[in-house]
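Participant: One structure coming up, written as structure tokens, with questions to follow.
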Amino acid sequence: YGQPPVLATYTPPSHCPFNTFSQIVLEWKATCKGRQFDRIFGVWLGGVELLRSCTAEPRATGIVWSVEKDITRYRSLLLSPQNQSFAVFLGNVVDKTYTGVYLVDVTMHFFPLGYVDGSSSKVGASAFGGGVHADLVLPISRNLPLNDGLWFAIQNSSDEGLKEFRVPQNTYRAVLEVYVSFHERDEFWYANPPDEYLIANNLSDVPGGGSFREVVVSLDGNVVGAVWPFTVIYTGGVNPLLWRPITGIGSFDLPSYDIEVTPLLGTLLDGKSHSVGFSVTNAVNVWFVDANLHLWLDGKSSRTEGGVVDLVAKPLVESLVTDFEGLNGKFWTSARRSILSAGWVRSSYGNVTTSFVQDFVFNNSMVMGKNGNQQIVNQVILFNDSVHANLPSPFVKDTYRKFSLYLDTDEVDQDDDTSLSVSNVTLGFDVDMFKSSAFGFSKSSLKNMQDAQGTMVIKGNLVVRGLGETQQDYSYTSDGYCYSRKVGSSNYTILYDKVRHSCNKRSHSHLGPHSIKKLFIL
């Protein structure tokens with residue numbers, strides 16, 4: 001902490017006999033030995049964030065883990081001939097108690113054309129997107145030099161991170177990719193009680209703000225999109241023994257969220273600077289937010305033009321019902337929000353009108369029992385968006401997401417100045433995506449769910465002993481292709497690992513150290 005990121009000069013591979021790549025993968029591989037908290041880190045190239053992740057918590061005997069992320073969407077940035085600054089920030093503290101030092105290698109893998117099947121990427125090509133990957137990616141992050149990460153640190157609900165930018169005047173499509181993570185007093189925001197409960201019980205050391213959070217994205221002061229984030233649990237969260245070796249969903253590769261800005265290009269194509277802003281509703285410290293602006297450029301025109309047809313950000317509707325006496329009680333929180341934008345862009349592809357709609361629904365029920373020592377949280381977020389464009393053949397992409405969380409924690413004081421913590425967690429998401437264009441129709445479904453149960457005995461801030469068990473069920477289908485994997489672990493040991501690569505019921509098992517490494521990539 002308090003130190004600048006590690007920097008290196010990046011240049012694209014020059015020794016390859018080809019300059020076209022079908023896939024580019026970033027690999028993070030690290031080792032650590034001793035005792036250490038989970039630490040958040042980020043990887044940036046030219047200020048563009050490529051990966052946000054959380055470290056594995058080590059054992060005394062040491063730990064090795066790796067993460068592989070497809071970063072092909074940053075192709076234009078990765079192949080740019082100019083030298084660029086490659087930055088890694090991992091805030092860590094080493095002292096007499098927390099002795100773990102992280103040793104890290106970061107590798108880029110460039111796969112030649114034809115190495116992987118890119119046929120699915122053809123859906124939605126031509127006028128809307130010109131293919132899959134943007135021609136230019138602009139950083140919407142803080143500028144170096146810094147003594148921490150390049151993200152904006154949002155401290156409270158009135159704080160805002162701002163970045164000015166300027167787009168080329170031949171831009172015809174724009175997508176803002178937003179990275180979000182939550183820490184310190186808001187690491188478990190979904191379990192934060194309402195402020196009135198804290199005030200009534202004089203709980204000044206307990207994080208508040210209630211259980212609802214929303215990352216609001218503005219353009220020149222106007223709300224243009226939002227992120228209602230997935231509840232990532234880091235490797236030290238709830239019970240660290242749950243996440244060895246099967247880590248919590250999203251903890252090793254935190255999700256980013258796309259906001260279609262194309263309908264608003266009419267306001268950006270004037271050659272002037274504009275600003276993107278980030279704020280977090282109900283936030284307490286601290287949230288890390290930044291973004292990448294993906295731009296598609298018209299190679300046959302030096303200038304495009306456009307206009308905004310509509311921008312409607314309906315006010316957030318949030319409600320809270322409380323029923324508590326002393327430290328015991330129940331709280332019901334709900335929220336709704338819709339945001340719509342529509343606009344047109346005239347380029348060599350013609351005059352294309354695009355609309356972008358986001359719809360959100362949030363429900364959280366919280367029970368405090370056993371004089372405040374037991375907490376049960378049941379939460380569901382519905383996070384849906386759609387992009388429609390009136391090309392010669394209409395382009396449609398509809399995405400439906402369901403983020404779910406069940407958390408039951410119970411803490412019991414023991415006679416020997418220790419406490420026993422019992423935890424049950426169900427965490428996961430469902431995503432259904434539909435695409436339609438001149439190239440055809442495609443549908444994909446992804447379901448990723450975890451169930452975890454654990455106990456631990458705590459003395460001070462240290463885990464003395466305990467047990468963690470986790471089961472994960474992952475399945476993906478797309479246009480006749482199926483993949484599924486079911487894994488389970490107990491007390492650091494893989495109990496089963498079953499994989500199915502096709503849509504029939506044949507499967508095979510992976511056992512042994514190699515499969516344990518693979519688990520971290522899910």
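Going by the structure tokens order, chains are called A, B, ..., each with residues numbered from 1, while ligands are numbered from 1 in the order shown.
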Find the residues around range 213-219 of chain A up to 6 Å (only C-alpha atoms counted), leave out those fewer than 2 positions away in its own chain, and share them as an mmCIF file with N, CA and C atoms, in the first residue's frame.
Facilitator:
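What ended up in result-v4.cif:
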data_model
loop_
_atom_site.group_PDB
_atom_site.id
_atom_site.type_symbol
_atom_site.label_atom_id
_atom_site.label_comp_id
_atom_site.auth_asym_id
_atom_site.auth_seq_id
_atom_site.Cartn_x
_atom_site.Cartn_y
_atom_site.Cartn_z
ATOM 1 N N GLY A 221 -22.617 14.686 -17.142
ATOM 2 C CA GLY A 221 -23.574 14.973 -16.079
ATOM 3 C C GLY A 221 -24.918 14.295 -16.216
ATOM 4 N N ASN A 222 -25.188 13.605 -17.328
ATOM 5 C CA ASN A 222 -26.466 12.915 -17.531
ATOM 6 C C ASN A 222 -26.299 11.417 -17.299
ATOM 7 N N VAL A 223 -27.207 10.813 -16.547
ATOM 8 C CA VAL A 223 -27.165 9.377 -16.287
ATOM 9 C C VAL A 223 -27.422 8.619 -17.583
ATOM 10 N N VAL A 224 -26.485 7.741 -17.961
ATOM 11 C CA VAL A 224 -26.613 7.003 -19.215
ATOM 12 C C VAL A 224 -26.600 5.493 -19.010
ATOM 13 N N GLY A 225 -26.328 5.035 -17.793
ATOM 14 C CA GLY A 225 -26.307 3.602 -17.540
ATOM 15 C C GLY A 225 -26.012 3.331 -16.083
ATOM 16 N N ALA A 226 -26.152 2.068 -15.715
ATOM 17 C CA ALA A 226 -25.910 1.673 -14.333
ATOM 18 C C ALA A 226 -25.403 0.241 -14.291
ATOM 19 N N VAL A 227 -24.757 -0.082 -13.182
ATOM 20 C CA VAL A 227 -24.322 -1.448 -12.902
ATOM 21 C C VAL A 227 -24.855 -1.837 -11.535
ATOM 22 N N TRP A 228 -25.603 -2.934 -11.476
ATOM 23 C CA TRP A 228 -25.999 -3.523 -10.203
ATOM 24 C C TRP A 228 -25.172 -4.793 -10.063
ATOM 25 N N SER A 275 -16.891 14.166 -20.507
ATOM 26 C CA SER A 275 -16.512 13.531 -19.248
ATOM 27 C C SER A 275 -17.443 12.382 -18.912
ATOM 28 N N VAL A 276 -16.839 11.299 -18.372
ATOM 29 C CA VAL A 276 -17.577 10.174 -17.806
ATOM 30 C C VAL A 276 -17.453 10.264 -16.290
ATOM 31 N N GLY A 277 -18.562 10.045 -15.593
ATOM 32 C CA GLY A 277 -18.562 10.076 -14.133
ATOM 33 C C GLY A 277 -19.067 8.782 -13.543
ATOM 34 N N PHE A 278 -18.521 8.420 -12.372
ATOM 35 C CA PHE A 278 -18.942 7.218 -11.648
ATOM 36 C C PHE A 278 -19.306 7.603 -10.218
ATOM 37 N N SER A 279 -20.465 7.138 -9.773
ATOM 38 C CA SER A 279 -20.854 7.298 -8.373
ATOM 39 C C SER A 279 -21.526 6.012 -7.915
ATOM 40 N N VAL A 280 -21.655 5.840 -6.600
ATOM 41 C CA VAL A 280 -22.232 4.611 -6.049
ATOM 42 C C VAL A 280 -23.293 4.991 -5.021
ATOM 43 N N THR A 281 -24.527 4.636 -5.307
ATOM 44 C CA THR A 281 -25.647 4.927 -4.427
ATOM 45 C C THR A 281 -25.487 4.190 -3.097
ATOM 46 N N ASN A 282 -25.662 4.924 -1.989
ATOM 47 C CA ASN A 282 -25.608 4.397 -0.619
ATOM 48 C C ASN A 282 -24.222 3.923 -0.194
#
Participant: Quick one: residues within 10 Å of Arg337 in chain A, only C-alpha atoms, excluding same-chain residues fewer than 3 positions away - as a list in words?
Facilitator: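 Contacts, with the query itself left out: Glu214, Ala226, Ala313, Lys314, Pro315, Leu316, Val317, Glu318, Gln358, Asp359, Phe360, Val361, Phe362 and Phe383 of chain A.
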Participant: Contacts of Val43 in chain A at 7 Å or less, counting only C-alpha atoms, minus same-chain residues fewer than 6 places along, as a PyMOL selection string?
Facilitator: chain A and resi 49-52+87-89
Participant: Give me a file of those residues, with all heavy atoms, as a compact mmCIF listing (two decimals), in the first residue's frame.
Facilitator:
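Everything below was put into again.txt:
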# COMPACT_ATOMS: atom_id res chain seq x y z
N GLU A 49 -7.82 -1.20 -18.31
CA GLU A 49 -7.77 -2.33 -17.39
C GLU A 49 -8.04 -3.63 -18.14
O GLU A 49 -9.05 -3.77 -18.83
CB GLU A 49 -8.77 -2.16 -16.25
CG GLU A 49 -8.62 -3.24 -15.19
CD GLU A 49 -9.23 -2.89 -13.84
OE1 GLU A 49 -9.94 -1.86 -13.73
OE2 GLU A 49 -9.00 -3.65 -12.89
N LEU A 50 -7.13 -4.59 -17.98
CA LEU A 50 -7.25 -5.90 -18.62
C LEU A 50 -7.77 -6.96 -17.68
O LEU A 50 -8.42 -7.91 -18.12
CB LEU A 50 -5.89 -6.35 -19.17
CG LEU A 50 -5.16 -5.41 -20.14
CD1 LEU A 50 -3.83 -6.03 -20.56
CD2 LEU A 50 -6.02 -5.10 -21.34
N LEU A 51 -7.46 -6.84 -16.40
CA LEU A 51 -7.84 -7.87 -15.42
C LEU A 51 -7.95 -7.23 -14.06
O LEU A 51 -7.08 -6.46 -13.65
CB LEU A 51 -6.79 -8.99 -15.38
CG LEU A 51 -6.94 -10.03 -14.26
CD1 LEU A 51 -8.18 -10.91 -14.50
CD2 LEU A 51 -5.68 -10.89 -14.15
N ARG A 52 -9.03 -7.55 -13.35
CA ARG A 52 -9.14 -7.25 -11.93
C ARG A 52 -9.39 -8.56 -11.20
O ARG A 52 -10.24 -9.35 -11.60
CB ARG A 52 -10.25 -6.25 -11.62
CG ARG A 52 -10.23 -5.81 -10.16
CD ARG A 52 -11.20 -4.70 -9.86
NE ARG A 52 -11.00 -3.54 -10.73
CZ ARG A 52 -11.65 -2.39 -10.57
NH1 ARG A 52 -12.51 -2.25 -9.58
NH2 ARG A 52 -11.45 -1.39 -11.40
N ALA A 87 1.05 -1.87 -16.37
CA ALA A 87 1.04 -1.59 -14.93
C ALA A 87 0.32 -2.68 -14.16
O ALA A 87 -0.73 -3.17 -14.59
CB ALA A 87 0.38 -0.24 -14.66
N VAL A 88 0.89 -3.06 -13.02
CA VAL A 88 0.26 -4.00 -12.10
C VAL A 88 0.31 -3.39 -10.71
O VAL A 88 1.37 -2.98 -10.23
CB VAL A 88 0.98 -5.37 -12.08
CG1 VAL A 88 0.34 -6.29 -11.03
CG2 VAL A 88 0.93 -6.02 -13.45
N PHE A 89 -0.86 -3.31 -10.06
CA PHE A 89 -0.91 -2.83 -8.67
C PHE A 89 -1.52 -3.90 -7.79
O PHE A 89 -2.63 -4.37 -8.04
CB PHE A 89 -1.73 -1.54 -8.55
CG PHE A 89 -1.84 -1.07 -7.13
CD1 PHE A 89 -0.77 -0.44 -6.50
CD2 PHE A 89 -3.00 -1.29 -6.40
CE1 PHE A 89 -0.86 -0.03 -5.18
CE2 PHE A 89 -3.10 -0.88 -5.08
CZ PHE A 89 -2.03 -0.25 -4.46
Participant: Do you know which residues are at most 9 Å from Phe165 in chain A counting only C-alpha atoms, after dropping those on the same chain fewer than 6 positions away, and could you put them as a ChimeraX atom specification?
Facilitator: /A:138-140,272-276
Participant: DSSP on the backbone, then: every residue of range 216-421 of chain A marked strand (DSSP E or B), written as number ranges by chain.
Facilitator: A: 216-219, 222-227, 256-260, 274-281, 287-297, 305-313, 317-325, 328-347, 350-369, 374-389, 395-413, 419-421
